[in-house]
>>> print(open('final-v7.csv').read())   # CSV, C-alpha atoms and all ligand atoms
chain,number,residue,atom,x,y,z
S,34,MET,CA,-55.3,136.5,-159.8
S,35,ASN,CA,-51.8,135.4,-158.8
S,36,TYR,CA,-49.8,135.9,-162.0
S,37,GLU,CA,-46.7,134.1,-160.7
S,38,LYS,CA,-48.7,131.1,-159.7
S,39,SER,CA,-50.3,130.9,-163.1
S,40,MET,CA,-47.0,131.3,-164.8
S,41,LYS,CA,-45.6,128.4,-162.7
S,42,ARG,CA,-48.5,126.3,-164.0
S,43,CYS,CA,-47.7,127.4,-167.6
S,44,ILE,CA,-44.1,126.2,-167.1
S,45,GLU,CA,-45.3,122.9,-165.7
S,46,LEU,CA,-47.6,122.4,-168.7
S,47,ALA,CA,-44.9,123.5,-171.1
S,48,LEU,CA,-42.6,120.8,-169.8
S,49,ASN,CA,-45.0,118.1,-171.1
S,50,GLY,CA,-43.6,119.0,-174.5
S,51,ARG,CA,-40.0,118.1,-173.6
S,52,GLY,CA,-38.4,116.0,-176.3
S,53,GLU,CA,-41.3,116.6,-178.7
S,54,VAL,CA,-41.2,120.2,-179.9
S,55,SER,CA,-37.6,120.9,-180.9
S,56,PRO,CA,-36.6,123.2,-182.6
S,57,ASN,CA,-39.7,125.1,-181.2
S,58,PRO,CA,-39.8,126.5,-177.7
S,59,LEU,CA,-41.6,124.9,-174.7
S,60,VAL,CA,-44.9,126.7,-174.2
S,61,GLY,CA,-47.8,126.3,-171.8
S,62,CYS,CA,-50.9,128.4,-171.4
S,63,VAL,CA,-53.7,128.9,-168.9
S,64,VAL,CA,-57.0,130.7,-169.7
S,65,TYR,CA,-59.3,132.4,-167.2
S,66,ASP,CA,-62.9,133.5,-167.9
S,67,LYS,CA,-64.1,137.0,-167.0
S,68,ASP,CA,-64.8,136.0,-163.4
S,69,GLY,CA,-61.3,134.7,-162.9
S,70,ASN,CA,-62.0,131.0,-163.1
S,71,VAL,CA,-59.5,128.7,-164.9
S,72,VAL,CA,-61.5,127.4,-167.9
S,73,SER,CA,-58.8,125.9,-170.0
S,74,GLU,CA,-55.1,124.8,-170.2
S,75,GLY,CA,-52.9,123.7,-173.0
S,76,TRP,CA,-49.4,123.3,-174.2
S,77,HIS,CA,-47.4,123.0,-177.4
S,78,GLU,CA,-47.4,119.2,-177.7
S,79,LYS,CA,-45.5,118.4,-180.9
S,80,TYR,CA,-43.4,120.2,-183.5
S,81,GLY,CA,-45.5,121.4,-186.4
S,82,GLU,CA,-48.7,121.1,-184.5
S,83,ASN,CA,-50.8,123.7,-182.6
S,84,HIS,CA,-49.2,126.2,-180.3
S,85,ALA,CA,-50.0,126.3,-176.6
S,86,GLU,CA,-52.5,129.2,-176.9
S,87,ARG,CA,-54.4,127.5,-179.8
S,88,ASN,CA,-54.6,124.2,-177.9
S,89,ALA,CA,-56.0,126.0,-174.9
S,90,LEU,CA,-58.5,128.2,-176.7
S,91,LEU,CA,-59.8,125.6,-179.1
S,92,LYS,CA,-61.0,123.5,-176.1
S,93,LEU,CA,-63.5,126.3,-175.3
S,94,LYS,CA,-66.8,127.3,-176.8
S,95,HIS,CA,-66.5,130.5,-178.9
S,96,GLU,CA,-67.7,133.0,-176.3
S,97,GLU,CA,-66.4,131.2,-173.2
S,98,ALA,CA,-63.2,133.2,-172.9
S,99,ARG,CA,-64.7,136.7,-173.8
S,100,GLY,CA,-63.5,139.2,-171.3
S,101,GLY,CA,-61.0,136.8,-169.8
S,102,THR,CA,-57.3,136.6,-169.2
S,103,LEU,CA,-54.7,134.4,-171.0
S,104,VAL,CA,-51.4,133.5,-169.3
S,105,VAL,CA,-48.5,132.1,-171.4
S,106,ASN,CA,-44.8,131.8,-170.8
S,107,LEU,CA,-43.9,133.2,-174.3
S,108,GLU,CA,-45.2,136.1,-176.3
S,109,PRO,CA,-48.0,134.8,-178.6
S,110,CYS,CA,-46.9,134.5,-182.2
S,111,SER,CA,-47.9,136.9,-185.0
S,112,HIS,CA,-46.8,134.9,-188.0
S,113,PHE,CA,-48.3,132.3,-190.3
S,114,GLY,CA,-46.1,129.3,-189.8
S,115,HIS,CA,-47.4,125.7,-189.4
S,116,THR,CA,-50.5,127.3,-187.9
S,117,PRO,CA,-52.1,130.8,-188.1
S,118,PRO,CA,-51.0,133.5,-185.6
S,119,CYS,CA,-51.9,132.8,-182.0
S,120,ALA,CA,-52.4,136.6,-181.4
S,121,ASP,CA,-55.2,136.6,-184.0
S,122,LEU,CA,-57.0,133.8,-182.3
S,123,ILE,CA,-56.6,135.5,-178.9
S,124,ILE,CA,-58.2,138.7,-180.3
S,125,GLU,CA,-61.0,136.8,-182.1
S,126,ARG,CA,-61.9,135.0,-178.8
S,127,GLY,CA,-62.3,138.4,-177.0
S,128,ILE,CA,-59.6,137.9,-174.4
S,129,LYS,CA,-59.2,141.2,-172.4
S,130,LYS,CA,-55.7,140.7,-170.8
S,131,VAL,CA,-52.6,138.7,-171.8
S,132,VAL,CA,-50.0,137.9,-169.2
S,133,LEU,CA,-46.7,136.7,-170.5
S,134,GLY,CA,-43.3,135.6,-169.3
S,135,MET,CA,-40.9,136.7,-172.0
S,136,ARG,CA,-40.8,138.2,-175.4
S,137,ASP,CA,-40.2,135.8,-178.3
S,138,VAL,CA,-36.6,136.0,-179.5
S,139,ASN,CA,-37.6,134.7,-182.9
S,140,PRO,CA,-37.1,137.8,-185.1
S,141,ILE,CA,-40.3,137.2,-187.1
S,142,VAL,CA,-42.3,137.5,-183.9
S,143,ALA,CA,-40.2,139.7,-181.5
S,144,GLY,CA,-42.6,142.3,-180.2
S,145,ASN,CA,-45.0,141.9,-183.1
S,146,GLY,CA,-47.3,139.6,-181.2
S,147,ILE,CA,-47.5,142.1,-178.3
S,148,LYS,CA,-48.1,145.0,-180.7
S,149,ASN,CA,-51.0,143.2,-182.4
S,150,LEU,CA,-52.6,142.4,-179.1
S,151,GLN,CA,-52.3,146.0,-177.9
S,152,ASN,CA,-53.6,147.4,-181.2
S,153,ALA,CA,-56.7,145.3,-180.6
S,154,GLY,CA,-57.2,146.9,-177.2
S,155,ILE,CA,-55.9,144.0,-175.1
S,156,GLU,CA,-53.9,144.8,-172.0
S,157,VAL,CA,-50.5,143.1,-172.0
S,158,VAL,CA,-48.6,142.3,-168.8
S,159,GLU,CA,-45.0,141.4,-169.5
S,160,SER,CA,-42.0,139.7,-167.7
S,161,VAL,CA,-43.8,137.6,-165.1
S,162,LEU,CA,-41.2,135.1,-163.8
S,163,GLU,CA,-39.1,136.1,-166.7
S,164,ASP,CA,-35.9,134.4,-165.4
S,165,GLU,CA,-37.7,131.1,-165.0
S,166,CYS,CA,-39.3,131.4,-168.4
S,167,LYS,CA,-35.9,132.1,-170.0
S,168,LYS,CA,-34.3,129.1,-168.2
S,169,LEU,CA,-37.2,126.9,-169.5
S,170,ASN,CA,-36.3,127.9,-173.1
S,171,GLU,CA,-32.5,128.3,-172.8
S,172,VAL,CA,-32.0,126.0,-175.8
S,173,PHE,CA,-34.4,127.9,-178.0
S,174,ILE,CA,-32.9,131.2,-177.0
S,175,LYS,CA,-29.3,130.1,-177.8
S,176,ASN,CA,-30.5,128.6,-181.1
S,177,MET,CA,-32.4,131.8,-182.2
S,178,THR,CA,-29.9,134.4,-181.0
S,179,GLU,CA,-26.5,132.6,-181.7
S,180,HIS,CA,-27.5,130.1,-184.4
S,181,LYS,CA,-25.6,127.4,-182.4
S,182,VAL,CA,-26.4,124.1,-180.8
S,183,PHE,CA,-26.9,124.2,-177.0
S,184,VAL,CA,-24.3,122.0,-175.4
S,185,ALA,CA,-25.0,120.3,-172.1
S,186,LEU,CA,-22.6,118.1,-170.3
S,187,LYS,CA,-23.3,115.3,-167.8
S,188,THR,CA,-20.7,113.8,-165.6
S,189,ALA,CA,-20.7,111.6,-162.5
S,190,SER,CA,-17.7,111.6,-160.2
S,191,THR,CA,-16.5,110.9,-156.7
S,192,LEU,CA,-16.1,113.7,-154.2
S,193,ASP,CA,-12.6,114.3,-155.5
S,194,GLY,CA,-13.8,114.7,-159.0
S,195,LYS,CA,-12.7,111.3,-160.3
S,196,THR,CA,-14.8,109.7,-163.0
S,197,ALA,CA,-13.2,106.4,-163.7
S,198,SER,CA,-10.4,104.1,-162.8
S,199,LYS,CA,-7.8,104.9,-165.4
S,200,THR,CA,-8.2,101.7,-167.3
S,201,GLY,CA,-11.7,100.8,-166.8
S,202,SER,CA,-15.3,101.5,-166.2
S,203,SER,CA,-17.1,104.6,-164.8
S,204,LYS,CA,-20.5,102.9,-165.1
S,205,TRP,CA,-21.2,102.4,-161.5
S,206,ILE,CA,-20.0,105.5,-159.7
S,207,THR,CA,-23.6,106.7,-158.8
S,208,GLY,CA,-26.6,104.7,-157.6
S,209,ALA,CA,-29.8,103.7,-159.3
S,210,ALA,CA,-31.8,106.9,-158.6
S,211,ALA,CA,-29.1,109.1,-160.2
S,212,ARG,CA,-28.9,106.9,-163.2
S,213,GLU,CA,-32.7,107.1,-163.6
S,214,GLU,CA,-32.5,110.9,-163.5
S,215,VAL,CA,-29.9,110.8,-166.3
S,216,ARG,CA,-32.5,109.1,-168.4
S,217,VAL,CA,-34.9,112.0,-167.7
S,218,ILE,CA,-32.2,114.5,-168.5
S,219,ARG,CA,-31.4,112.8,-171.8
S,220,LYS,CA,-34.9,113.1,-173.0
S,221,THR,CA,-34.8,116.9,-173.0
S,222,TYR,CA,-31.9,117.0,-175.5
S,223,ASP,CA,-32.1,116.3,-179.2
S,224,ALA,CA,-29.0,114.1,-179.1
S,225,ILE,CA,-26.5,112.5,-176.9
S,226,MET,CA,-22.7,112.5,-177.6
S,227,THR,CA,-20.1,110.2,-176.4
S,228,SER,CA,-16.6,109.0,-177.2
S,229,SER,CA,-14.9,105.9,-178.5
S,230,ALA,CA,-13.2,105.6,-175.1
S,231,THR,CA,-16.5,105.2,-173.3
S,232,VAL,CA,-17.9,102.8,-175.9
S,233,ILE,CA,-14.8,100.6,-175.6
S,234,ALA,CA,-14.6,100.8,-171.8
S,235,ASP,CA,-18.3,100.4,-170.9
S,236,ASN,CA,-20.1,99.2,-174.0
S,237,PRO,CA,-23.2,101.3,-172.9
S,238,GLU,CA,-26.5,101.3,-174.7
S,239,MET,CA,-27.3,105.0,-173.9
S,240,ALA,CA,-30.9,104.8,-175.0
S,241,HIS,CA,-31.7,107.8,-177.2
S,242,LYS,CA,-33.3,108.4,-180.6
S,243,ARG,CA,-30.2,110.3,-181.8
S,244,LYS,CA,-26.6,109.4,-180.9
S,245,ILE,CA,-23.3,111.1,-181.9
S,246,ILE,CA,-20.0,109.2,-181.4
S,247,ILE,CA,-16.6,110.8,-181.6
S,248,ASP,CA,-14.4,108.1,-182.9
S,249,ARG,CA,-11.3,109.7,-184.3
S,250,GLU,CA,-9.5,106.5,-185.2
S,251,LEU,CA,-12.6,104.5,-186.0
S,252,LYS,CA,-11.5,102.0,-183.4
S,253,THR,CA,-14.9,101.1,-181.8
S,254,ASP,CA,-16.5,97.8,-182.6
S,255,PHE,CA,-19.5,98.8,-184.7
S,256,SER,CA,-21.5,95.9,-183.3
S,257,SER,CA,-21.3,97.5,-179.8
S,258,LYS,CA,-24.6,98.1,-178.0
S,259,ILE,CA,-24.6,101.8,-178.6
S,260,TYR,CA,-24.9,101.2,-182.4
S,261,GLN,CA,-27.9,98.9,-182.1
S,262,SER,CA,-30.6,101.6,-181.7
S,263,GLY,CA,-31.3,105.2,-182.6
S,264,LYS,CA,-30.1,107.3,-185.5
S,265,ILE,CA,-26.3,107.4,-185.4
S,266,THR,CA,-23.6,109.8,-186.6
S,267,VAL,CA,-19.9,109.1,-186.1
S,268,PHE,CA,-17.3,111.9,-186.4
S,269,TYR,CA,-13.8,110.6,-187.4
S,270,ASP,CA,-10.4,111.8,-188.6
S,271,GLU,CA,-10.7,113.3,-192.1
S,272,ALA,CA,-7.5,111.6,-193.1
S,273,LEU,CA,-9.1,108.1,-192.7
S,274,SER,CA,-11.8,106.4,-194.7
S,275,ALA,CA,-14.9,105.1,-193.0
S,276,PRO,CA,-16.4,101.7,-193.6
S,277,SER,CA,-19.9,101.6,-195.1
S,278,ILE,CA,-22.3,100.4,-192.4
S,279,GLU,CA,-26.0,100.4,-192.8
S,280,GLY,CA,-27.7,102.8,-190.3
S,281,ILE,CA,-24.5,104.7,-189.4
S,282,GLU,CA,-23.7,108.1,-190.9
S,283,PHE,CA,-19.9,108.9,-190.9
S,284,ILE,CA,-18.7,112.5,-191.0
S,285,LYS,CA,-15.1,113.5,-191.6
S,286,ALA,CA,-13.8,116.1,-189.1
S,287,PRO,CA,-10.5,118.0,-188.9
S,288,VAL,CA,-8.1,116.9,-186.2
S,289,LYS,CA,-5.9,119.2,-184.1
S,290,GLU,CA,-3.2,118.0,-181.6
S,291,GLY,CA,-4.6,114.5,-181.8
S,292,LYS,CA,-8.2,115.5,-181.1
S,293,ILE,CA,-11.2,115.9,-183.3
S,294,ASN,CA,-12.0,119.6,-183.6
S,295,LEU,CA,-15.1,120.0,-181.5
S,296,GLU,CA,-16.0,123.4,-182.8
S,297,PHE,CA,-16.4,121.8,-186.2
S,298,VAL,CA,-18.5,119.0,-184.7
S,299,PHE,CA,-20.9,121.4,-182.9
S,300,GLU,CA,-21.3,123.6,-186.0
S,301,ARG,CA,-22.0,120.5,-188.0
S,302,LEU,CA,-24.6,119.3,-185.5
S,303,TYR,CA,-26.5,122.6,-185.8
S,304,ASP,CA,-26.4,122.4,-189.6
S,305,ILE,CA,-27.9,119.0,-189.5
S,306,GLY,CA,-30.8,120.2,-187.3
S,307,ILE,CA,-29.6,119.1,-183.9
S,308,MET,CA,-30.6,122.0,-181.6
S,309,SER,CA,-29.2,120.6,-178.3
S,310,VAL,CA,-26.8,117.8,-177.3
S,311,LEU,CA,-25.9,116.2,-174.0
S,312,VAL,CA,-22.2,115.1,-173.8
S,313,GLU,CA,-21.9,112.0,-171.7
S,314,ALA,CA,-18.4,110.7,-171.9
S,315,GLY,CA,-15.2,110.1,-169.9
S,316,GLY,CA,-12.7,112.6,-168.6
S,317,HIS,CA,-11.0,113.3,-171.9
S,318,LEU,CA,-13.9,114.3,-174.1
S,319,ASN,CA,-15.6,116.1,-171.2
S,320,GLY,CA,-12.4,118.1,-170.6
S,321,SER,CA,-12.3,119.1,-174.2
S,322,ALA,CA,-16.0,119.8,-174.4
S,323,LEU,CA,-16.1,121.9,-171.2
S,324,GLU,CA,-15.2,125.1,-173.0
S,325,TYR,CA,-18.3,124.7,-175.3
S,326,ALA,CA,-20.6,123.7,-172.5
S,327,ASP,CA,-23.6,125.9,-171.8
S,328,LYS,CA,-24.7,123.9,-168.8
S,329,ILE,CA,-23.3,121.1,-166.6
S,330,TYR,CA,-25.1,118.3,-164.8
S,331,HIS,CA,-22.6,116.9,-162.2
S,332,PHE,CA,-23.6,113.9,-160.1
S,333,PHE,CA,-21.4,113.4,-157.0
S,334,ALA,CA,-21.2,110.1,-155.2
S,335,PRO,CA,-20.1,110.2,-151.6
S,336,LYS,CA,-16.9,108.3,-152.4
S,337,VAL,CA,-13.2,109.1,-152.7
S,338,MET,CA,-10.9,107.3,-155.2
S,339,ASP,CA,-7.1,106.9,-155.0
S,340,ASP,CA,-5.3,109.5,-157.1
S,341,ASN,CA,-3.4,106.8,-159.0
S,342,LEU,CA,-6.6,105.0,-160.0
S,343,GLY,CA,-9.0,107.8,-160.9
S,344,LEU,CA,-9.2,110.1,-163.9
S,345,SER,CA,-10.4,113.6,-163.5
S,346,CYS,CA,-13.9,114.1,-164.8
S,347,PHE,CA,-12.6,117.1,-166.8
S,348,ASP,CA,-9.3,115.6,-167.7
S,349,SER,CA,-8.0,117.7,-170.6
S,350,ALA,CA,-9.5,121.0,-169.4
S,351,GLU,CA,-6.6,123.3,-170.1
S,352,VAL,CA,-5.9,125.6,-167.2
S,353,VAL,CA,-2.3,126.7,-166.9
S,354,ASP,CA,-2.5,129.1,-164.1
S,355,ILE,CA,-4.6,129.0,-160.9
S,356,ASN,CA,-5.8,132.5,-161.7
S,357,GLN,CA,-7.2,131.3,-165.0
S,358,CYS,CA,-9.5,128.6,-163.6
S,359,ARG,CA,-12.6,128.1,-165.5
S,360,GLU,CA,-15.4,129.6,-163.4
S,361,PHE,CA,-19.0,128.6,-163.0
S,362,PHE,CA,-22.0,129.4,-160.9
S,363,PHE,CA,-24.1,126.9,-159.2
S,364,GLU,CA,-27.8,126.8,-160.2
S,365,SER,CA,-29.2,124.0,-158.0
S,366,VAL,CA,-28.4,121.0,-155.9
S,367,LYS,CA,-30.7,118.0,-155.4
S,368,PHE,CA,-30.4,114.6,-153.8
S,369,PHE,CA,-30.9,111.4,-155.8
S,370,GLY,CA,-30.7,108.5,-153.4
S,371,ASP,CA,-27.3,108.8,-151.7
S,372,ASP,CA,-25.9,111.0,-154.5
S,373,ILE,CA,-26.3,114.6,-155.3
S,374,LEU,CA,-26.8,116.4,-158.6
S,375,LEU,CA,-25.2,119.8,-158.8
S,376,THR,CA,-26.2,121.9,-161.8
S,377,TYR,CA,-24.0,124.7,-162.9
S,378,TYR,CA,-23.4,127.2,-165.7
S,379,PRO,CA,-20.1,128.7,-167.0
S,380,MET,CA,-19.5,132.2,-165.7
S,381,GLU,CA,-18.3,133.9,-168.9
S,382,LYS,CA,-21.3,133.0,-171.0
S,383,ASN,CA,-23.8,134.4,-168.5
S,384,SER,CA,-22.0,137.4,-167.0
S,401,LIG,C1,-46.3,130.6,-179.4
S,401,LIG,N1,-46.8,129.5,-178.7
S,401,LIG,O1,-46.7,127.4,-178.3
S,401,LIG,C2,-45.1,128.3,-179.7
S,401,LIG,C3,-44.6,129.4,-180.3
S,401,LIG,O2,-43.1,126.4,-186.8
S,401,LIG,P1,-44.2,127.1,-186.2
S,401,LIG,O3,-45.3,127.6,-187.1
S,401,LIG,O4,-44.8,126.2,-185.1
S,401,LIG,O5,-43.7,128.4,-185.5
S,401,LIG,C4,-42.6,128.3,-184.6
S,401,LIG,C5,-42.3,129.6,-184.0
S,401,LIG,O6,-43.4,130.1,-183.3
S,401,LIG,C6,-41.2,129.5,-183.0
S,401,LIG,O7,-40.0,129.7,-183.5
S,401,LIG,C7,-41.6,130.6,-182.0
S,401,LIG,O8,-41.2,131.8,-182.4
S,401,LIG,C8,-43.1,130.5,-182.0
S,401,LIG,N2,-43.5,129.4,-181.0
S,401,LIG,N3,-45.2,130.6,-180.1
S,401,LIG,O9,-46.9,131.7,-179.2
S,401,LIG,C9,-46.2,128.3,-178.9
S,401,LIG,N4,-44.5,127.1,-179.8
S,402,ZN,ZN,-48.4,130.7,-181.8
>>> encode(input="final-v7.csv", output="C-alpha cells", more="lines below")
Ligand code: AOF
Ligand code: ZN
Amino acid sequence: MNYEKSMKRCIELALNGRGEVSPNPLVGCVVYDKDGNVVSEGWHEKYGENHAERNALLKLKHEEARGGTLVVNLEPCSHFGHTPPCADLIIERGIKKVVLGMRDVNPIVAGNGIKNLQNAGIEVVESVLEDECKKLNEVFIKNMTEHKVFVALKTASTLDGKTASKTGSSKWITGAAAREEVRVIRKTYDAIMTSSATVIADNPEMAHKRKIIIDRELKTDFSSKIYQSGKITVFYDEALSAPSIEGIEFIKAPVKEGKINLEFVFERLYDIGIMSVLVEAGGHLNGSALEYADKIYHFFAPKVMDDNLGLSCFDSAEVVDINQCREFFFESVKFFGDDILLTYYPMEKNS
C-alpha cells in the first residue's frame, strides 16, 4: 500500500468540508480491508456531525474492516464531544493498522488517540505527508495553539504592485478566471473583511455569509450592495455613535494615528467565533493588515500602471529602512487565464 497516495486522497476528501466544518479541522479518511482493497471513504462534512473516520466506518458492515488499515490526515480523536471517540470505533471495528498525517493539536486529544489505539494493539504509522497535512489545517492549528483568528489577505495588482488608480476602482485589474478563483478562496474562510474605501470606490457585493467592514468614520452608504446579503459587522471609531440599522452589528474600536486598531479587531473576531478571515481591500487597509497576515494570495495582471495613477497594493506598510523589508517566502504560483496567483507566507511567523 502506498501511504502517501492514500494520504493525498484523504486530503482531497477532507477539502470537501471546506466552508462547512469550522472551527473543526478538515479531515478525510480511507479504509482498506485486510487484503488491501479500498472498501470505504469518508470526510468530516459538517460541524457538529460525524468525524471522517466515523463516516467512513459506518458505511461498512460490522466485520468488513477487521484486519484492515485506516488512513486519516489527523490523529483520531479520543474524547466524547458531539460524537463518541473515533479511536473507540476504530478499535471496535478490528482495524489492525492506522496511518496518520499529523497529531491533533487540540489538547484534549493530543497523543491520547494514538495511545488508545496502541493500547488496543493497533499499529500506528505517523507523519505521512505531515507538511501537507499541516498546511491543510493551518487555520485549525493557529486557532488551537495561539487562540487567534487566521488572517489571510488577497490582493490583485499590476506587475509594479499597483492596485488601483488613486481615485478610483481596482475592480477590473485581473480577468474573469482570477476573479472566479477569488470566489473559491473566499469560501474557505469564515469571513471576509474590507474597508470603507473599497465600499465607496467599487460598491462591490463580495458574496459571503459573513462580512466585516472597517468603517472608522461611518461614511459608507449603508444601502450599498455589500450590506444587502450575509451577516454584517462594522467596526468604527469608538468616539462616534453608530446608527441603528437592522441586520448590521456595529462594534466600537479604538483608533490610533487615524486608523482603527486592527489588533483589537482581530481579537474581537476570534472572540465572536470567527476562526479565519480573508482581507480583501485596497492598498491602505492591506498595508495595515500585512503585519497580521498569516498568508497572502496575490494575483498579478501582466500590466504596468503609471506611478502617478496607481496606489501600492500594500500602501501603508511601514518599512523605514531597506534592510527592514518585510520578508516572505513563496509557496506556489499558478496561472488563471492571463494572470498569475502567487501565494506566499510571512517569513517571521514560519521561521
Ligand atoms: C477526528 N476526525 O473528522 C475531526 C476531528 O466538536 P467535536 O466533537 O466534533 O470535536 C471536535 C474536535 O475533534 C476537534 O477540535 C479536533 O480535535 C477533533 N476533530 N478529529 O479524528 C475528524 N473533525
Ligand atoms: Zn473523531
>>> residues_near_ligand(input="final-v7.csv", ligand="ligand LIG 401 (chain S)", cutoff="9 Å", atoms="only C-alpha atoms and all ligand atoms", output="PyMOL selection string")
chain S and resi 47+54+56-62+75-88+105-120+137-143+146+173+177
>>> closest_residue(input="final-v7.csv", among="S:Pro335, S:Gly208, S:Gly315, S:Gly306", to="S:Phe183", atoms="only C-alpha atoms")
S:Gly306
>>> residues_near_point(input="final-v7.csv", point="(-9.0, 109.0, -166.4)", cutoff="6 Å", atoms="all atoms listed in the file", output="number ranges by chain")
S: 197, 199, 316, 343-345
>>> closest_residue(input="final-v7.csv", among="S:Ser160, S:Ser256, S:Ser73, S:Asn170", to="S:Ile44", atoms="only C-alpha atoms")
S:Asn170
>>> closest_residue(input="final-v7.csv", among="S:Leu186, S:Asn319, S:Ala314, S:Ile329", to="S:Ala234", atoms="all atoms listed in the file")
S:Ala314
>>> closest_residue(input="final-v7.csv", among="S:Ile284, S:Met34, S:Val64, S:Leu342", to="S:Lys195", atoms="all atoms listed in the file")
S:Leu342
>>> atom_distance(input="final-v7.csv", atom1="atom CA of S:Lys168", atom2="atom CA of S:Arg359")
21.9 Å
>>> closest_residue(input="final-v7.csv", among="S:Thr231, S:Ser349, S:Asn145, S:Ser365", to="ligand ZN 402 (chain S)", atoms="all atoms listed in the file")
S:Asn145
>>> residues_around(input="final-v7.csv", residues="S:Thr188", least_positions_apart="3", cutoff="12 Å", atoms="only C-alpha atoms", output="CSV table (one decimal) with C-alpha atoms, keeping the file's coordinate frame")
chain,number,residue,atom,x,y,z
S,185,ALA,CA,-25.0,120.3,-172.1
S,191,THR,CA,-16.5,110.9,-156.7
S,194,GLY,CA,-13.8,114.7,-159.0
S,195,LYS,CA,-12.7,111.3,-160.3
S,196,THR,CA,-14.8,109.7,-163.0
S,197,ALA,CA,-13.2,106.4,-163.7
S,203,SER,CA,-17.1,104.6,-164.8
S,204,LYS,CA,-20.5,102.9,-165.1
S,206,ILE,CA,-20.0,105.5,-159.7
S,207,THR,CA,-23.6,106.7,-158.8
S,211,ALA,CA,-29.1,109.1,-160.2
S,212,ARG,CA,-28.9,106.9,-163.2
S,215,VAL,CA,-29.9,110.8,-166.3
S,218,ILE,CA,-32.2,114.5,-168.5
S,227,THR,CA,-20.1,110.2,-176.4
S,311,LEU,CA,-25.9,116.2,-174.0
S,312,VAL,CA,-22.2,115.1,-173.8
S,313,GLU,CA,-21.9,112.0,-171.7
S,314,ALA,CA,-18.4,110.7,-171.9
S,315,GLY,CA,-15.2,110.1,-169.9
S,316,GLY,CA,-12.7,112.6,-168.6
S,317,HIS,CA,-11.0,113.3,-171.9
S,318,LEU,CA,-13.9,114.3,-174.1
S,319,ASN,CA,-15.6,116.1,-171.2
S,320,GLY,CA,-12.4,118.1,-170.6
S,322,ALA,CA,-16.0,119.8,-174.4
S,323,LEU,CA,-16.1,121.9,-171.2
S,328,LYS,CA,-24.7,123.9,-168.8
S,329,ILE,CA,-23.3,121.1,-166.6
S,330,TYR,CA,-25.1,118.3,-164.8
S,331,HIS,CA,-22.6,116.9,-162.2
S,332,PHE,CA,-23.6,113.9,-160.1
S,333,PHE,CA,-21.4,113.4,-157.0
S,334,ALA,CA,-21.2,110.1,-155.2
S,345,SER,CA,-10.4,113.6,-163.5
S,346,CYS,CA,-13.9,114.1,-164.8
S,347,PHE,CA,-12.6,117.1,-166.8
S,348,ASP,CA,-9.3,115.6,-167.7
S,373,ILE,CA,-26.3,114.6,-155.3
S,374,LEU,CA,-26.8,116.4,-158.6
S,375,LEU,CA,-25.2,119.8,-158.8
S,376,THR,CA,-26.2,121.9,-161.8
S,377,TYR,CA,-24.0,124.7,-162.9
>>> atom_distance(input="final-v7.csv", atom1="atom CA of S:Glu324", atom2="atom CA of S:Asp223")
20.0 Å
>>> residues_around(input="final-v7.csv", residues="S:Tyr222", least_positions_apart="4", cutoff="7 Å", atoms="all atoms listed in the file", output="ChimeraX atom specification")
/S:52,309-311
>>> residues_around(input="final-v7.csv", residues="S:Leu150", least_positions_apart="4", cutoff="8 Å", atoms="only C-alpha atoms", output="JSON, numbers by chain")
{"S": [120, 123, 124, 146, 154, 155, 156, 157]}
